[in-house]
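This report refers to the structure that appears directly beneath it.
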Amino acid sequence: MSSCGADAVHPCFFHPTSLWRWATIANTDHQINEEIRDKEVRLIGADGEQLGIMSSEEALRIATEQEYDLVKIAPGSNPPVCRIMDYGKYRFEQTKKEKEAKKNQRVIEIKEIRMSPSIDTNDFNTKLKNGLKFLAEGNRLKVSIRFRGREMAHTEIGDVILRDFAAKCAEIANLDKPPKLEGRNMSMFLSPKPQSAPKKPARPKAPKAAPEAPKAEEEKSAE
């Protein structure tokens, strides 16, 4: 059985609860506990109270006595600001929030449609149908034409095809970048227009009450 020598680092020097807590902390963003080696720190308690300026050793002692972690939250301050907290719980909550944010975040993809300058009407309409579908799903769209051999002498044909494609998508998409020739490829980018929330139908106004008929004049008193 190993003995605890004066110069040895051994688990018997630590409280079991503190040892388990330090072992399960995933430190990715902050300096915590014994990683904090500043001469002085400004300490904030677990409840947010200001505990003043003290050595990092003293701050760690206070955190350890409360069975919490010492976390450096403002390293650029003079002196650095540390807070007493349950860092494992903090990281768990942060990870949970990040997952929720990613779940609610829509990833916009860039879809691509490729055509040739000799595309026929049927193929063009099929490509257009697919492009409208991609845009309706909220994706950006890259439409490109590749020129081969002697087709490079008539690149204006590609420009006409692409602009026609963009015009037929104009109801639901904006032209981000007009057709541009790069090497043997001419391409353009379309982005879906932001969809505004549908307007609520106006409530029908209640019919105004018909004006009352004028009351008959009071009978004149008998003479």
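Within each chain, counting starts at residue 1; across the structure tokens, chains are named A, B, ... in the order shown, with ligands numbered 1 upward in that order.
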Near-Ser55 (chain A) list (9 Å; only C-alpha atoms; drop same-chain fewer than 6 positions) as a CSV table (one decimal) with C-alpha atoms, in the first residue's frame:
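Written out: around.csv:
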```csv
chain,number,residue,atom,x,y,z
A,37,ARG,CA,-2.2,31.2,-10.6
A,38,ASP,CA,-2.7,35.0,-10.5
A,39,LYS,CA,-1.1,36.8,-7.5
A,40,GLU,CA,-4.4,38.5,-6.7
A,41,VAL,CA,-8.0,38.1,-7.9
A,42,ARG,CA,-11.3,39.9,-7.3
```
#### Entry: Nearest to Pro192 (chain A), chosen from A:Asp164, A:Glu98, A:Glu109, A:Glu151, with only C-alpha atoms counted in the distances
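Smallest separation from Pro192 (chain A) among the options: A:Glu109.
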What's the 12 Å shell around Ala136 (chain A), counting only C-alpha atoms, without same-chain residues fewer than 5 positions away, as a PDB file with C-alpha atoms, in the first residue's frame?
```
ATOM      1  CA  ILE A 108     -29.121  27.164 -45.531  1.00  0.00           C
ATOM      2  CA  LYS A 111     -27.897  23.756 -54.271  1.00  0.00           C
ATOM      3  CA  LYS A 129     -38.862  22.988 -61.649  1.00  0.00           C
ATOM      4  CA  ASN A 130     -36.056  21.587 -59.488  1.00  0.00           C
ATOM      5  CA  GLY A 131     -34.626  25.062 -58.937  1.00  0.00           C
ATOM      6  CA  LEU A 141     -29.243  28.230 -55.704  1.00  0.00           C
ATOM      7  CA  CYS A 169     -37.707  32.497 -60.537  1.00  0.00           C
ATOM      8  CA  GLU A 171     -41.404  35.719 -57.960  1.00  0.00           C
ATOM      9  CA  ILE A 172     -39.734  33.785 -55.149  1.00  0.00           C
ATOM     10  CA  ALA A 173     -36.015  34.580 -55.535  1.00  0.00           C
ATOM     11  CA  LEU A 190     -30.217  33.108 -56.528  1.00  0.00           C
ATOM     12  CA  SER A 191     -31.489  33.517 -52.968  1.00  0.00           C
ATOM     13  CA  PRO A 192     -35.041  32.911 -51.758  1.00  0.00           C
ATOM     14  CA  LYS A 193     -36.997  36.024 -50.910  1.00  0.00           C
ATOM     15  CA  PRO A 194     -37.875  36.382 -47.225  1.00  0.00           C
ATOM     16  CA  GLN A 195     -41.353  35.096 -46.634  1.00  0.00           C
TER      17      GLN A 195
END
```
### Task
Can you pull out every residue within 12 Å of Met186 (chain A), counting only C-alpha atoms, but drop anything in the same chain fewer than 3 positions away, and send it as an MDAnalysis selection string?
chainID A and resid 113:117 142:148 151:152 154:163 177:183 189
Could you take the residues named above and write them with C-alpha atoms, as a short mmCIF file (atom, residue, chain, number, x, y, z; two decimals), in the first residue's frame?
```cif
data_model
loop_
_atom_site.label_atom_id
_atom_site.label_comp_id
_atom_site.auth_asym_id
_atom_site.auth_seq_id
_atom_site.Cartn_x
_atom_site.Cartn_y
_atom_site.Cartn_z
CA ILE A 113 -28.13 23.15 -61.16
CA ARG A 114 -25.95 22.59 -64.21
CA MET A 115 -26.99 23.12 -67.79
CA SER A 116 -25.42 23.25 -71.24
CA PRO A 117 -25.80 26.05 -73.80
CA LYS A 142 -26.24 28.26 -58.01
CA VAL A 143 -27.10 27.86 -61.67
CA SER A 144 -24.21 27.20 -64.03
CA ILE A 145 -23.53 26.49 -67.69
CA ARG A 146 -20.38 24.76 -68.95
CA PHE A 147 -19.07 25.54 -72.41
CA ARG A 148 -17.24 22.88 -74.38
CA GLU A 151 -19.22 26.74 -77.59
CA MET A 152 -16.77 29.21 -75.99
CA HIS A 154 -20.90 31.95 -78.18
CA THR A 155 -20.95 32.54 -74.43
CA GLU A 156 -23.74 35.08 -74.91
CA ILE A 157 -26.11 32.13 -75.36
CA GLY A 158 -25.36 31.05 -71.79
CA ASP A 159 -25.99 34.55 -70.51
CA VAL A 160 -29.43 34.57 -72.18
CA ILE A 161 -30.33 31.14 -70.74
CA LEU A 162 -29.28 32.07 -67.21
CA ARG A 163 -31.10 35.40 -67.23
CA LYS A 177 -24.87 37.66 -58.55
CA PRO A 178 -25.55 38.16 -62.27
CA PRO A 179 -24.14 35.61 -64.73
CA LYS A 180 -20.35 35.63 -64.67
CA LEU A 181 -17.92 33.70 -66.86
CA GLU A 182 -15.03 31.99 -65.07
CA GLY A 183 -12.98 29.77 -67.33
CA PHE A 189 -26.59 32.83 -57.63
#
```
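Computed from the coordinates, the CA of Arg61 (chain A) to CA of Arg83 (chain A) distance equals 12.6 Å.
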### Message
When DSSP is applied to the backbone of this structure, which of region 17-143 of chain A are assigned alpha helix (DSSP H)? Write them out as a PyMOL selection string.
### Response
chain A and resi 17-24+56-65+87-104+121-136
Let's have the selection written as a short mmCIF file (atom, residue, chain, number, x, y, z; two decimals), in the first residue's frame, with N, CA and C atoms.
```cif
data_model
loop_
_atom_site.label_atom_id
_atom_site.label_comp_id
_atom_site.auth_asym_id
_atom_site.auth_seq_id
_atom_site.Cartn_x
_atom_site.Cartn_y
_atom_site.Cartn_z
N THR A 17 -15.39 14.25 -2.16
CA THR A 17 -16.38 14.98 -2.96
C THR A 17 -15.71 15.94 -3.91
N SER A 18 -14.68 16.65 -3.42
CA SER A 18 -13.98 17.61 -4.26
C SER A 18 -13.23 16.89 -5.36
N LEU A 19 -12.62 15.73 -5.06
CA LEU A 19 -11.87 14.99 -6.06
C LEU A 19 -12.79 14.54 -7.18
N TRP A 20 -13.98 14.01 -6.84
CA TRP A 20 -14.93 13.56 -7.86
C TRP A 20 -15.40 14.75 -8.69
N ARG A 21 -15.65 15.88 -8.04
CA ARG A 21 -16.16 17.05 -8.75
C ARG A 21 -15.12 17.57 -9.72
N TRP A 22 -13.87 17.66 -9.34
CA TRP A 22 -12.81 18.16 -10.22
C TRP A 22 -12.58 17.19 -11.38
N ALA A 23 -12.73 15.88 -11.12
CA ALA A 23 -12.46 14.89 -12.15
C ALA A 23 -13.52 14.93 -13.25
N THR A 24 -14.75 15.37 -12.94
CA THR A 24 -15.84 15.33 -13.92
C THR A 24 -16.03 16.64 -14.64
N SER A 56 -5.11 34.24 -5.11
CA SER A 56 -5.83 33.14 -5.75
C SER A 56 -5.89 31.92 -4.84
N GLU A 57 -4.86 31.74 -4.00
CA GLU A 57 -4.88 30.61 -3.07
C GLU A 57 -6.02 30.75 -2.06
N GLU A 58 -6.21 31.98 -1.56
CA GLU A 58 -7.28 32.21 -0.60
C GLU A 58 -8.64 32.03 -1.26
N ALA A 59 -8.77 32.51 -2.50
CA ALA A 59 -10.03 32.37 -3.21
C ALA A 59 -10.36 30.90 -3.45
N LEU A 60 -9.34 30.11 -3.80
CA LEU A 60 -9.56 28.68 -4.02
C LEU A 60 -9.93 27.99 -2.71
N ARG A 61 -9.32 28.43 -1.61
CA ARG A 61 -9.65 27.83 -0.31
C ARG A 61 -11.11 28.06 0.03
N ILE A 62 -11.61 29.28 -0.22
CA ILE A 62 -13.01 29.60 0.08
C ILE A 62 -13.94 28.76 -0.80
N ALA A 63 -13.60 28.64 -2.09
CA ALA A 63 -14.43 27.86 -3.00
C ALA A 63 -14.46 26.39 -2.58
N THR A 64 -13.29 25.86 -2.18
CA THR A 64 -13.20 24.46 -1.78
C THR A 64 -14.01 24.20 -0.52
N GLU A 65 -13.98 25.12 0.43
CA GLU A 65 -14.75 24.96 1.66
C GLU A 65 -16.24 24.92 1.38
N TYR A 87 -19.06 24.55 -11.64
CA TYR A 87 -18.68 24.66 -13.05
C TYR A 87 -19.23 23.51 -13.90
N GLY A 88 -19.33 22.34 -13.30
CA GLY A 88 -19.90 21.21 -14.03
C GLY A 88 -21.34 21.48 -14.43
N LYS A 89 -22.12 22.05 -13.51
CA LYS A 89 -23.51 22.38 -13.80
C LYS A 89 -23.59 23.49 -14.84
N TYR A 90 -22.68 24.46 -14.73
CA TYR A 90 -22.64 25.57 -15.69
C TYR A 90 -22.38 25.04 -17.10
N ARG A 91 -21.39 24.15 -17.25
CA ARG A 91 -21.07 23.60 -18.56
C ARG A 91 -22.23 22.78 -19.12
N PHE A 92 -22.90 22.04 -18.25
CA PHE A 92 -24.05 21.23 -18.68
C PHE A 92 -25.15 22.12 -19.24
N GLU A 93 -25.44 23.21 -18.52
CA GLU A 93 -26.49 24.13 -18.97
C GLU A 93 -26.11 24.82 -20.27
N GLN A 94 -24.83 25.20 -20.42
CA GLN A 94 -24.36 25.85 -21.63
C GLN A 94 -24.48 24.90 -22.83
N THR A 95 -24.09 23.64 -22.63
CA THR A 95 -24.18 22.65 -23.70
C THR A 95 -25.63 22.42 -24.11
N LYS A 96 -26.51 22.41 -23.11
CA LYS A 96 -27.94 22.22 -23.39
C LYS A 96 -28.49 23.38 -24.21
N LYS A 97 -28.09 24.60 -23.86
CA LYS A 97 -28.54 25.78 -24.61
C LYS A 97 -28.02 25.76 -26.03
N GLU A 98 -26.76 25.35 -26.21
CA GLU A 98 -26.18 25.29 -27.55
C GLU A 98 -26.91 24.27 -28.42
N LYS A 99 -27.28 23.14 -27.84
CA LYS A 99 -28.01 22.12 -28.59
C LYS A 99 -29.38 22.63 -29.00
N GLU A 100 -30.05 23.34 -28.08
CA GLU A 100 -31.36 23.89 -28.39
C GLU A 100 -31.26 24.93 -29.50
N ALA A 101 -30.20 25.76 -29.45
CA ALA A 101 -30.03 26.79 -30.48
C ALA A 101 -29.79 26.15 -31.84
N LYS A 102 -28.98 25.08 -31.88
CA LYS A 102 -28.71 24.40 -33.15
C LYS A 102 -29.97 23.73 -33.68
N LYS A 103 -30.80 23.21 -32.75
CA LYS A 103 -32.02 22.54 -33.17
C LYS A 103 -32.97 23.52 -33.84
N ASN A 104 -33.02 24.76 -33.33
CA ASN A 104 -33.92 25.76 -33.86
C ASN A 104 -33.33 26.54 -35.03
N THR A 121 -35.91 22.69 -74.52
CA THR A 121 -36.97 23.28 -73.70
C THR A 121 -37.41 22.36 -72.58
N ASN A 122 -37.57 21.08 -72.86
CA ASN A 122 -38.03 20.14 -71.84
C ASN A 122 -37.03 20.03 -70.69
N ASP A 123 -35.75 19.89 -71.04
CA ASP A 123 -34.73 19.81 -70.00
C ASP A 123 -34.66 21.10 -69.20
N PHE A 124 -34.80 22.23 -69.89
CA PHE A 124 -34.77 23.52 -69.20
C PHE A 124 -35.91 23.60 -68.19
N ASN A 125 -37.11 23.19 -68.60
CA ASN A 125 -38.27 23.26 -67.69
C ASN A 125 -38.10 22.32 -66.51
N THR A 126 -37.46 21.16 -66.75
CA THR A 126 -37.20 20.23 -65.64
C THR A 126 -36.22 20.83 -64.65
N LYS A 127 -35.15 21.44 -65.16
CA LYS A 127 -34.17 22.11 -64.30
C LYS A 127 -34.83 23.26 -63.54
N LEU A 128 -35.69 24.01 -64.22
CA LEU A 128 -36.38 25.13 -63.59
C LEU A 128 -37.28 24.65 -62.46
N LYS A 129 -37.98 23.55 -62.68
CA LYS A 129 -38.86 22.99 -61.65
C LYS A 129 -38.06 22.61 -60.41
N ASN A 130 -36.91 21.96 -60.62
CA ASN A 130 -36.06 21.59 -59.49
C ASN A 130 -35.52 22.83 -58.77
N GLY A 131 -35.14 23.84 -59.54
CA GLY A 131 -34.63 25.06 -58.94
C GLY A 131 -35.67 25.77 -58.09
N LEU A 132 -36.89 25.83 -58.58
CA LEU A 132 -37.98 26.45 -57.82
C LEU A 132 -38.24 25.67 -56.52
N LYS A 133 -38.10 24.36 -56.58
CA LYS A 133 -38.28 23.53 -55.39
C LYS A 133 -37.21 23.83 -54.36
N PHE A 134 -35.95 23.91 -54.81
CA PHE A 134 -34.85 24.22 -53.88
C PHE A 134 -35.06 25.58 -53.23
N LEU A 135 -35.45 26.56 -54.01
CA LEU A 135 -35.65 27.91 -53.49
C LEU A 135 -36.81 27.94 -52.50
N ALA A 136 -37.88 27.21 -52.81
CA ALA A 136 -39.05 27.18 -51.92
C ALA A 136 -38.71 26.55 -50.58
#
```
### Message
Which residues are near region 69-77 of chain A? Cut-off 6 Å, only C-alpha atoms, ignore same chain within fewer than 4 positions. Put them as an MDAnalysis selection string.
### Response
chainID A and resid 31:33 60 63 81:86
Put those residues in a file: N, CA and C atoms, as a PDB file, in the first residue's frame.
```
ATOM      1  N   GLN A  31     -10.271  29.111 -17.126  1.00  0.00           N
ATOM      2  CA  GLN A  31      -9.334  28.574 -16.144  1.00  0.00           C
ATOM      3  C   GLN A  31     -10.121  28.337 -14.857  1.00  0.00           C
ATOM      4  N   ILE A  32      -9.893  27.186 -14.246  1.00  0.00           N
ATOM      5  CA  ILE A  32     -10.627  26.850 -13.033  1.00  0.00           C
ATOM      6  C   ILE A  32      -9.674  26.309 -11.974  1.00  0.00           C
ATOM      7  N   ASN A  33     -10.100  26.502 -10.738  1.00  0.00           N
ATOM      8  CA  ASN A  33      -9.422  25.944  -9.578  1.00  0.00           C
ATOM      9  C   ASN A  33      -7.908  26.161  -9.594  1.00  0.00           C
ATOM     10  N   LEU A  60      -9.340  30.110  -3.799  1.00  0.00           N
ATOM     11  CA  LEU A  60      -9.562  28.684  -4.016  1.00  0.00           C
ATOM     12  C   LEU A  60      -9.932  27.992  -2.714  1.00  0.00           C
ATOM     13  N   ALA A  63     -13.597  28.644  -2.091  1.00  0.00           N
ATOM     14  CA  ALA A  63     -14.430  27.857  -2.996  1.00  0.00           C
ATOM     15  C   ALA A  63     -14.456  26.388  -2.583  1.00  0.00           C
ATOM     16  N   VAL A  81     -11.111  38.719 -12.514  1.00  0.00           N
ATOM     17  CA  VAL A  81     -12.306  38.446 -11.716  1.00  0.00           C
ATOM     18  C   VAL A  81     -12.575  36.950 -11.727  1.00  0.00           C
ATOM     19  N   CYS A  82     -12.753  36.397 -10.536  1.00  0.00           N
ATOM     20  CA  CYS A  82     -13.088  34.983 -10.393  1.00  0.00           C
ATOM     21  C   CYS A  82     -14.433  34.860  -9.674  1.00  0.00           C
ATOM     22  N   ARG A  83     -15.115  33.770  -9.960  1.00  0.00           N
ATOM     23  CA  ARG A  83     -16.410  33.541  -9.320  1.00  0.00           C
ATOM     24  C   ARG A  83     -16.476  32.130  -8.779  1.00  0.00           C
ATOM     25  N   ILE A  84     -17.155  31.988  -7.663  1.00  0.00           N
ATOM     26  CA  ILE A  84     -17.390  30.675  -7.073  1.00  0.00           C
ATOM     27  C   ILE A  84     -18.675  30.118  -7.684  1.00  0.00           C
ATOM     28  N   MET A  85     -18.581  28.921  -8.262  1.00  0.00           N
ATOM     29  CA  MET A  85     -19.766  28.327  -8.897  1.00  0.00           C
ATOM     30  C   MET A  85     -19.579  26.833  -9.060  1.00  0.00           C
ATOM     31  N   ASP A  86     -20.670  26.150  -9.411  1.00  0.00           N
ATOM     32  CA  ASP A  86     -20.606  24.738  -9.781  1.00  0.00           C
ATOM     33  C   ASP A  86     -20.333  24.703 -11.276  1.00  0.00           C
TER      34      ASP A  86
END
```
#### Entry: Residue list (strand (DSSP E or B), DSSP) for region 77-133 of chain A, as an MDAnalysis selection string
chainID A and resid 81:85 110:115
### Query
What is the CA of Arg184 (chain A) to CA of Asn139 (chain A) distance in Å?
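It comes out at 25.3 Å.
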### Message
One decimal, in Å: what's the spacing between CA of Met188 (chain A) and CA of Glu112 (chain A)?
### Response
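The value is 10.0 Å.
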